[in-house]
Amino acid sequence: MDIAYEVANYLEDNNFGTVGVDIFVSTIPEEKEGIYIQRLGGNLSLYTPINEAVLLIYIKDNSASSGVATAESIKNFMHRMVSTTTSNSFIFTFLFISDVEDLGRDLENYNLYKLTLQVKYRASDIIS
């Protein structure tokens with residue numbers, strides 16, 4: 001189970017877009033607006049099945065106001081959310097550890113925004 005895909009599917013389930021159309025894991029296709037989720041890393045607990053990961057969520061948008069609105073909407077929806085179930089995992093906490101960061105424009109002249117999300121979770125098929 002990849003927590004980045006779990007979060008991507010969670011965003012899709014809550015009407016932020018569609019995975020593979022405007023929500024992507026690991027890459028945003030060229031000249032395509034959307035939400036991009038990258039797993040930065042995390043750590044495994046030695047004695048419990050609880051994992052922790054840090055995800056970077058990028059928003060690529062041609063409109064600055066729309067890009068910021070999407071980023072703020074994701075942050076306001078998920079920040080400090082607890083006890084969330086996805087198809088393959090149980091999320092203990094979502095915690096944004098950054099505010100919306102403006103990264104300027106990319107080489108294709110799209111606006112880029114970034115959020116940093118800390119996730120504590122376990123695979124739902126593991127009984128603790």
# chains A, B, ... in the order shown; residues from 1 in each chain; ligands from 1

$ closest_atom_pairs --of "region 18-52 of chain A" --to "region 106-118 of chain A" --cutoff "12 Å" --atoms "only C-alpha atoms" --output "Markdown table"
| residue | atom | partner | partner_atom | distance |
| --- | --- | --- | --- | --- |
| A:Ile28 | CA | A:Leu112 | CA | 11.4 |
| A:Pro29 | CA | A:Glu108 | CA | 11.2 |
| A:Glu30 | CA | A:Glu108 | CA | 7.8 |
| A:Glu31 | CA | A:Glu108 | CA | 6.7 |
| A:Lys32 | CA | A:Tyr110 | CA | 9.0 |
| A:Glu33 | CA | A:Tyr110 | CA | 7.9 |
| A:Gly34 | CA | A:Leu112 | CA | 9.9 |
| A:Ile35 | CA | A:Tyr113 | CA | 9.6 |
| A:Tyr36 | CA | A:Lys114 | CA | 9.3 |
| A:Ile37 | CA | A:Leu115 | CA | 9.6 |
| A:Gln38 | CA | A:Thr116 | CA | 9.8 |
| A:Arg39 | CA | A:Leu117 | CA | 9.6 |
| A:Leu40 | CA | A:Thr116 | CA | 9.3 |
| A:Gly41 | CA | A:Gln118 | CA | 9.8 |
| A:Gly42 | CA | A:Gln118 | CA | 8.7 |
| A:Asn43 | CA | A:Gln118 | CA | 11.2 |
| A:Asn51 | CA | A:Gln118 | CA | 10.6 |
| A:Glu52 | CA | A:Gln118 | CA | 7.1 |

$ write_last_selection --atoms "N, CA, C and O atoms" --output "mmCIF file, in the first residue's frame"
data_model
loop_
_atom_site.group_PDB
_atom_site.id
_atom_site.type_symbol
_atom_site.label_atom_id
_atom_site.label_comp_id
_atom_site.auth_asym_id
_atom_site.auth_seq_id
_atom_site.Cartn_x
_atom_site.Cartn_y
_atom_site.Cartn_z
ATOM 1 N N ILE A 28 3.267 15.164 -12.683
ATOM 2 C CA ILE A 28 2.201 15.870 -13.387
ATOM 3 C C ILE A 28 2.627 15.909 -14.846
ATOM 4 O O ILE A 28 3.724 16.387 -15.152
ATOM 5 N N PRO A 29 1.803 15.395 -15.731
ATOM 6 C CA PRO A 29 2.167 15.467 -17.150
ATOM 7 C C PRO A 29 2.390 16.907 -17.599
ATOM 8 O O PRO A 29 1.819 17.843 -17.039
ATOM 9 N N GLU A 30 3.237 17.076 -18.591
ATOM 10 C CA GLU A 30 3.510 18.420 -19.103
ATOM 11 C C GLU A 30 2.231 19.070 -19.600
ATOM 12 O O GLU A 30 1.336 18.407 -20.106
ATOM 13 N N GLU A 31 2.189 20.386 -19.444
ATOM 14 C CA GLU A 31 1.084 21.218 -19.894
ATOM 15 C C GLU A 31 -0.265 20.714 -19.394
ATOM 16 O O GLU A 31 -1.256 20.708 -20.112
ATOM 17 N N LYS A 32 -0.299 20.286 -18.137
ATOM 18 C CA LYS A 32 -1.529 19.777 -17.540
ATOM 19 C C LYS A 32 -1.651 20.318 -16.122
ATOM 20 O O LYS A 32 -0.778 20.115 -15.303
ATOM 21 N N GLU A 33 -2.747 21.020 -15.854
ATOM 22 C CA GLU A 33 -3.008 21.502 -14.507
ATOM 23 C C GLU A 33 -3.447 20.336 -13.634
ATOM 24 O O GLU A 33 -4.000 19.361 -14.128
ATOM 25 N N GLY A 34 -3.191 20.448 -12.348
ATOM 26 C CA GLY A 34 -3.660 19.400 -11.469
ATOM 27 C C GLY A 34 -3.000 19.409 -10.113
ATOM 28 O O GLY A 34 -2.251 20.317 -9.757
ATOM 29 N N ILE A 35 -3.294 18.357 -9.365
ATOM 30 C CA ILE A 35 -2.747 18.139 -8.032
ATOM 31 C C ILE A 35 -1.751 16.989 -8.146
ATOM 32 O O ILE A 35 -2.057 15.958 -8.744
ATOM 33 N N TYR A 36 -0.582 17.182 -7.586
ATOM 34 C CA TYR A 36 0.503 16.206 -7.675
ATOM 35 C C TYR A 36 0.924 15.835 -6.270
ATOM 36 O O TYR A 36 1.178 16.710 -5.443
ATOM 37 N N ILE A 37 0.971 14.546 -5.953
ATOM 38 C CA ILE A 37 1.312 14.085 -4.607
ATOM 39 C C ILE A 37 2.596 13.269 -4.678
ATOM 40 O O ILE A 37 2.696 12.324 -5.454
ATOM 41 N N GLN A 38 3.554 13.661 -3.862
ATOM 42 C CA GLN A 38 4.850 12.984 -3.828
ATOM 43 C C GLN A 38 5.143 12.558 -2.392
ATOM 44 O O GLN A 38 5.039 13.359 -1.464
ATOM 45 N N ARG A 39 5.509 11.298 -2.216
ATOM 46 C CA ARG A 39 5.898 10.824 -0.889
ATOM 47 C C ARG A 39 7.343 11.220 -0.646
ATOM 48 O O ARG A 39 8.252 10.797 -1.355
ATOM 49 N N LEU A 40 7.557 12.036 0.371
ATOM 50 C CA LEU A 40 8.895 12.519 0.691
ATOM 51 C C LEU A 40 9.655 11.510 1.524
ATOM 52 O O LEU A 40 10.842 11.318 1.363
ATOM 53 N N GLY A 41 8.974 10.844 2.416
ATOM 54 C CA GLY A 41 9.629 9.866 3.282
ATOM 55 C C GLY A 41 8.807 9.661 4.521
ATOM 56 O O GLY A 41 7.686 10.107 4.629
ATOM 57 N N GLY A 42 9.380 8.963 5.454
ATOM 58 C CA GLY A 42 8.680 8.694 6.692
ATOM 59 C C GLY A 42 9.499 7.760 7.547
ATOM 60 O O GLY A 42 10.693 7.570 7.319
ATOM 61 N N ASN A 43 8.851 7.186 8.538
ATOM 62 C CA ASN A 43 9.553 6.226 9.378
ATOM 63 C C ASN A 43 8.594 5.138 9.819
ATOM 64 O O ASN A 43 7.389 5.322 9.844
ATOM 65 N N ASN A 51 2.602 3.685 10.901
ATOM 66 C CA ASN A 51 3.613 4.329 10.073
ATOM 67 C C ASN A 51 3.378 5.830 10.049
ATOM 68 O O ASN A 51 2.262 6.299 10.260
ATOM 69 N N GLU A 52 4.421 6.549 9.733
ATOM 70 C CA GLU A 52 4.324 7.996 9.579
ATOM 71 C C GLU A 52 5.031 8.360 8.285
ATOM 72 O O GLU A 52 6.115 7.863 7.994
#

$ residues_around --residues "Glu6 (chain A)" --least-positions-apart "5" --cutoff "8 Å" --atoms "only C-alpha atoms" --output "list in words"
Met1, Thr86, Ser87, Asn88 and Ser89 of chain A

$ write_last_selection --atoms "all heavy atoms" --output "PDB file, in the first residue's frame"
ATOM      1  N   MET A   1       0.838  -1.177   0.000  1.00  0.00           N
ATOM      2  CA  MET A   1       0.000   0.000   0.000  1.00  0.00           C
ATOM      3  C   MET A   1       0.886   1.244   0.000  1.00  0.00           C
ATOM      4  O   MET A   1       1.780   1.368   0.805  1.00  0.00           O
ATOM      5  CB  MET A   1      -0.902   0.003   1.235  1.00  0.00           C
ATOM      6  CG  MET A   1      -1.772   1.212   1.284  1.00  0.00           C
ATOM      7  SD  MET A   1      -2.217   1.857   2.909  1.00  0.00           S
ATOM      8  CE  MET A   1      -0.755   1.830   3.832  1.00  0.00           C
ATOM      9  N   THR A  86      -9.644   4.822   4.591  1.00  0.00           N
ATOM     10  CA  THR A  86      -9.611   4.772   3.135  1.00  0.00           C
ATOM     11  C   THR A  86      -9.735   3.308   2.731  1.00  0.00           C
ATOM     12  O   THR A  86      -9.871   2.433   3.587  1.00  0.00           O
ATOM     13  CB  THR A  86      -8.307   5.379   2.580  1.00  0.00           C
ATOM     14  OG1 THR A  86      -7.203   4.584   3.021  1.00  0.00           O
ATOM     15  CG2 THR A  86      -8.121   6.819   3.043  1.00  0.00           C
ATOM     16  N   SER A  87      -9.675   3.025   1.452  1.00  0.00           N
ATOM     17  CA  SER A  87      -9.895   1.648   1.003  1.00  0.00           C
ATOM     18  C   SER A  87      -8.853   0.666   1.537  1.00  0.00           C
ATOM     19  O   SER A  87      -9.160  -0.504   1.772  1.00  0.00           O
ATOM     20  CB  SER A  87      -9.944   1.590  -0.517  1.00  0.00           C
ATOM     21  OG  SER A  87      -8.755   2.090  -1.067  1.00  0.00           O
ATOM     22  N   ASN A  88      -7.614   1.116   1.754  1.00  0.00           N
ATOM     23  CA  ASN A  88      -6.556   0.208   2.191  1.00  0.00           C
ATOM     24  C   ASN A  88      -5.864   0.601   3.480  1.00  0.00           C
ATOM     25  O   ASN A  88      -4.885  -0.031   3.869  1.00  0.00           O
ATOM     26  CB  ASN A  88      -5.488   0.091   1.096  1.00  0.00           C
ATOM     27  CG  ASN A  88      -6.048  -0.528  -0.154  1.00  0.00           C
ATOM     28  OD1 ASN A  88      -6.675  -1.572  -0.108  1.00  0.00           O
ATOM     29  ND2 ASN A  88      -5.834   0.130  -1.277  1.00  0.00           N
ATOM     30  N   SER A  89      -6.324   1.665   4.128  1.00  0.00           N
ATOM     31  CA  SER A  89      -5.613   2.112   5.325  1.00  0.00           C
ATOM     32  C   SER A  89      -6.553   2.785   6.321  1.00  0.00           C
ATOM     33  O   SER A  89      -7.658   3.185   5.983  1.00  0.00           O
ATOM     34  CB  SER A  89      -4.484   3.076   4.955  1.00  0.00           C
ATOM     35  OG  SER A  89      -5.017   4.243   4.374  1.00  0.00           O
TER      36      SER A  89
END

$ select_by_dssp --residues "chain A" --states "strand (DSSP E or B)" --output "PyMOL selection string"
chain A and resi 19+23-25+34-44+51-61+82-85+89-96+101-105+111-123

$ residues_around --residues "region 66-78 of chain A" --least-positions-apart "3" --cutoff "7 Å" --atoms "only C-alpha atoms" --output "PyMOL selection string"
chain A and resi 59-61+63+81+94+96+100+113

$ write_last_selection --atoms "N, CA, C and O atoms" --output "PDB file, in the first residue's frame"
ATOM      1  N   ILE A  59       0.122  21.955  -6.304  1.00  0.00           N
ATOM      2  CA  ILE A  59      -0.996  22.358  -7.146  1.00  0.00           C
ATOM      3  C   ILE A  59      -0.409  23.156  -8.292  1.00  0.00           C
ATOM      4  O   ILE A  59       0.301  24.140  -8.082  1.00  0.00           O
ATOM      5  N   LYS A  60      -0.680  22.699  -9.501  1.00  0.00           N
ATOM      6  CA  LYS A  60      -0.206  23.364 -10.720  1.00  0.00           C
ATOM      7  C   LYS A  60      -1.432  23.936 -11.410  1.00  0.00           C
ATOM      8  O   LYS A  60      -2.359  23.199 -11.747  1.00  0.00           O
ATOM      9  N   ASP A  61      -1.463  25.258 -11.576  1.00  0.00           N
ATOM     10  CA  ASP A  61      -2.651  25.902 -12.126  1.00  0.00           C
ATOM     11  C   ASP A  61      -2.255  27.104 -12.965  1.00  0.00           C
ATOM     12  O   ASP A  61      -1.326  27.836 -12.611  1.00  0.00           O
ATOM     13  N   SER A  63      -4.120  29.689 -13.347  1.00  0.00           N
ATOM     14  CA  SER A  63      -4.648  30.850 -12.638  1.00  0.00           C
ATOM     15  C   SER A  63      -4.125  30.863 -11.207  1.00  0.00           C
ATOM     16  O   SER A  63      -4.309  29.887 -10.470  1.00  0.00           O
ATOM     17  N   MET A  81      -7.501  16.383  10.637  1.00  0.00           N
ATOM     18  CA  MET A  81      -8.522  15.359  10.534  1.00  0.00           C
ATOM     19  C   MET A  81      -7.994  14.088  11.201  1.00  0.00           C
ATOM     20  O   MET A  81      -6.823  13.748  11.054  1.00  0.00           O
ATOM     21  N   PHE A  94      -4.110  13.470   9.867  1.00  0.00           N
ATOM     22  CA  PHE A  94      -3.580  14.310   8.800  1.00  0.00           C
ATOM     23  C   PHE A  94      -3.169  15.612   9.472  1.00  0.00           C
ATOM     24  O   PHE A  94      -3.976  16.217  10.185  1.00  0.00           O
ATOM     25  N   PHE A  96      -1.120  19.213   8.392  1.00  0.00           N
ATOM     26  CA  PHE A  96      -0.304  20.018   7.487  1.00  0.00           C
ATOM     27  C   PHE A  96       0.764  20.711   8.309  1.00  0.00           C
ATOM     28  O   PHE A  96       0.464  21.384   9.295  1.00  0.00           O
ATOM     29  N   VAL A 100       0.311  27.169   2.711  1.00  0.00           N
ATOM     30  CA  VAL A 100       0.449  27.172   1.259  1.00  0.00           C
ATOM     31  C   VAL A 100       1.714  27.948   0.902  1.00  0.00           C
ATOM     32  O   VAL A 100       1.886  29.088   1.317  1.00  0.00           O
ATOM     33  N   TYR A 113       2.065  25.711  -6.324  1.00  0.00           N
ATOM     34  CA  TYR A 113       1.869  25.903  -4.889  1.00  0.00           C
ATOM     35  C   TYR A 113       2.140  24.575  -4.211  1.00  0.00           C
ATOM     36  O   TYR A 113       1.911  23.519  -4.794  1.00  0.00           O
TER      37      TYR A 113
END

$ closest_residue --among "A:Asn62, A:Ser83, A:Asn9, A:Thr18" --to "Arg105 (chain A)" --atoms "only C-alpha atoms"
A:Asn62

$ atom_distance --atom1 "CA of Leu11 (chain A)" --atom2 "CA of Thr27 (chain A)"
16.2 Å

$ residues_around --residues "Ile91 (chain A)" --least-positions-apart "3" --cutoff "8 Å" --atoms "only C-alpha atoms" --output "number ranges by chain"
A: 82-86, 94, 119-122

$ write_last_selection --atoms "N, CA, C and O atoms" --output "short mmCIF file (atom, residue, chain, number, x, y, z; two decimals), in the first residue's frame"
data_model
loop_
_atom_site.label_atom_id
_atom_site.label_comp_id
_atom_site.auth_asym_id
_atom_site.auth_seq_id
_atom_site.Cartn_x
_atom_site.Cartn_y
_atom_site.Cartn_z
N VAL A 82 -8.82 13.40 11.93
CA VAL A 82 -8.41 12.18 12.64
C VAL A 82 -9.37 11.04 12.33
O VAL A 82 -10.50 11.26 11.90
N SER A 83 -8.88 9.82 12.55
CA SER A 83 -9.70 8.61 12.43
C SER A 83 -10.43 8.52 11.09
O SER A 83 -11.66 8.49 11.04
N THR A 84 -9.66 8.50 10.02
CA THR A 84 -10.20 8.46 8.67
C THR A 84 -9.88 7.12 8.04
O THR A 84 -8.75 6.65 8.12
N THR A 85 -10.86 6.51 7.41
CA THR A 85 -10.65 5.23 6.76
C THR A 85 -10.65 5.40 5.25
O THR A 85 -11.53 6.07 4.70
N THR A 86 -9.64 4.82 4.59
CA THR A 86 -9.61 4.77 3.14
C THR A 86 -9.74 3.31 2.73
O THR A 86 -9.87 2.43 3.59
N PHE A 94 -4.11 13.47 9.87
CA PHE A 94 -3.58 14.31 8.80
C PHE A 94 -3.17 15.61 9.47
O PHE A 94 -3.98 16.22 10.19
N VAL A 119 1.32 12.35 7.75
CA VAL A 119 0.25 11.37 7.88
C VAL A 119 0.70 10.24 8.80
O VAL A 119 1.78 9.68 8.62
N LYS A 120 -0.11 9.92 9.78
CA LYS A 120 0.11 8.73 10.62
C LYS A 120 -0.97 7.74 10.23
O LYS A 120 -2.16 8.08 10.24
N TYR A 121 -0.56 6.50 9.91
CA TYR A 121 -1.51 5.54 9.35
C TYR A 121 -1.05 4.12 9.61
O TYR A 121 0.09 3.86 10.01
N ARG A 122 -1.95 3.18 9.32
CA ARG A 122 -1.60 1.77 9.28
C ARG A 122 -2.42 1.14 8.16
O ARG A 122 -3.51 1.62 7.81
#

$ decode --residues "region 19-105 of chain A" --atoms "C-alpha atoms" --output "compact mmCIF listing (two decimals), in the first residue's frame"
# COMPACT_ATOMS: atom_id res chain seq x y z
CA VAL A 19 -6.89 10.27 -10.16
CA GLY A 20 -5.12 10.04 -13.51
CA VAL A 21 -6.98 13.05 -14.93
CA ASP A 22 -6.13 15.94 -12.61
CA ILE A 23 -4.76 14.19 -9.51
CA PHE A 24 -1.41 12.49 -10.02
CA VAL A 25 1.06 10.55 -7.90
CA SER A 26 4.78 11.03 -8.65
CA THR A 27 4.35 13.23 -11.72
CA ILE A 28 2.20 15.87 -13.39
CA PRO A 29 2.17 15.47 -17.15
CA GLU A 30 3.51 18.42 -19.10
CA GLU A 31 1.08 21.22 -19.89
CA LYS A 32 -1.53 19.78 -17.54
CA GLU A 33 -3.01 21.50 -14.51
CA GLY A 34 -3.66 19.40 -11.47
CA ILE A 35 -2.75 18.14 -8.03
CA TYR A 36 0.50 16.21 -7.68
CA ILE A 37 1.31 14.08 -4.61
CA GLN A 38 4.85 12.98 -3.83
CA ARG A 39 5.90 10.82 -0.89
CA LEU A 40 8.89 12.52 0.69
CA GLY A 41 9.63 9.87 3.28
CA GLY A 42 8.68 8.69 6.69
CA ASN A 43 9.55 6.23 9.38
CA LEU A 44 8.39 2.89 10.60
CA SER A 45 7.65 2.19 14.23
CA LEU A 46 9.70 -0.68 15.59
CA TYR A 47 6.99 -2.10 17.84
CA THR A 48 3.62 -1.11 16.38
CA PRO A 49 2.15 -1.22 12.87
CA ILE A 50 1.69 2.57 12.84
CA ASN A 51 3.61 4.33 10.07
CA GLU A 52 4.32 8.00 9.58
CA ALA A 53 5.00 9.65 6.23
CA VAL A 54 5.47 13.13 4.86
CA LEU A 55 3.78 13.94 1.57
CA LEU A 56 4.32 16.96 -0.62
CA ILE A 57 1.16 18.12 -2.36
CA TYR A 58 1.70 20.42 -5.33
CA ILE A 59 -1.00 22.36 -7.15
CA LYS A 60 -0.21 23.36 -10.72
CA ASP A 61 -2.65 25.90 -12.13
CA ASN A 62 -2.70 28.47 -14.90
CA SER A 63 -4.65 30.85 -12.64
CA ALA A 64 -2.98 32.07 -9.45
CA SER A 65 -6.29 32.65 -7.65
CA SER A 66 -7.60 29.20 -8.61
CA GLY A 67 -4.35 27.50 -7.55
CA VAL A 68 -4.33 29.18 -4.15
CA ALA A 69 -8.04 28.42 -3.69
CA THR A 70 -7.45 24.72 -4.43
CA ALA A 71 -4.51 24.55 -2.03
CA GLU A 72 -6.44 26.34 0.73
CA SER A 73 -9.45 24.12 0.15
CA ILE A 74 -7.36 20.94 0.53
CA LYS A 75 -5.66 22.31 3.64
CA ASN A 76 -8.91 23.41 5.27
CA PHE A 77 -10.57 20.08 4.50
CA MET A 78 -7.83 17.76 5.77
CA HIS A 79 -5.85 19.65 8.43
CA ARG A 80 -6.08 17.95 11.84
CA MET A 81 -8.52 15.36 10.53
CA VAL A 82 -8.41 12.18 12.64
CA SER A 83 -9.70 8.61 12.43
CA THR A 84 -10.20 8.46 8.67
CA THR A 85 -10.65 5.23 6.76
CA THR A 86 -9.61 4.77 3.14
CA SER A 87 -9.89 1.65 1.00
CA ASN A 88 -6.56 0.21 2.19
CA SER A 89 -5.61 2.11 5.32
CA PHE A 90 -6.70 3.66 8.58
CA ILE A 91 -5.43 7.25 8.90
CA PHE A 92 -4.84 8.26 12.51
CA THR A 93 -4.03 11.89 11.67
CA PHE A 94 -3.58 14.31 8.80
CA LEU A 95 -1.51 17.31 9.85
CA PHE A 96 -0.30 20.02 7.49
CA ILE A 97 3.13 21.11 8.66
CA SER A 98 3.33 24.01 6.23
CA ASP A 99 0.99 26.66 4.98
CA VAL A 100 0.45 27.17 1.26
CA GLU A 101 3.85 27.93 -0.27
CA ASP A 102 4.03 29.89 -3.54
CA LEU A 103 6.80 28.35 -5.65
CA GLY A 104 6.41 30.82 -8.50
CA ARG A 105 6.02 29.65 -12.07
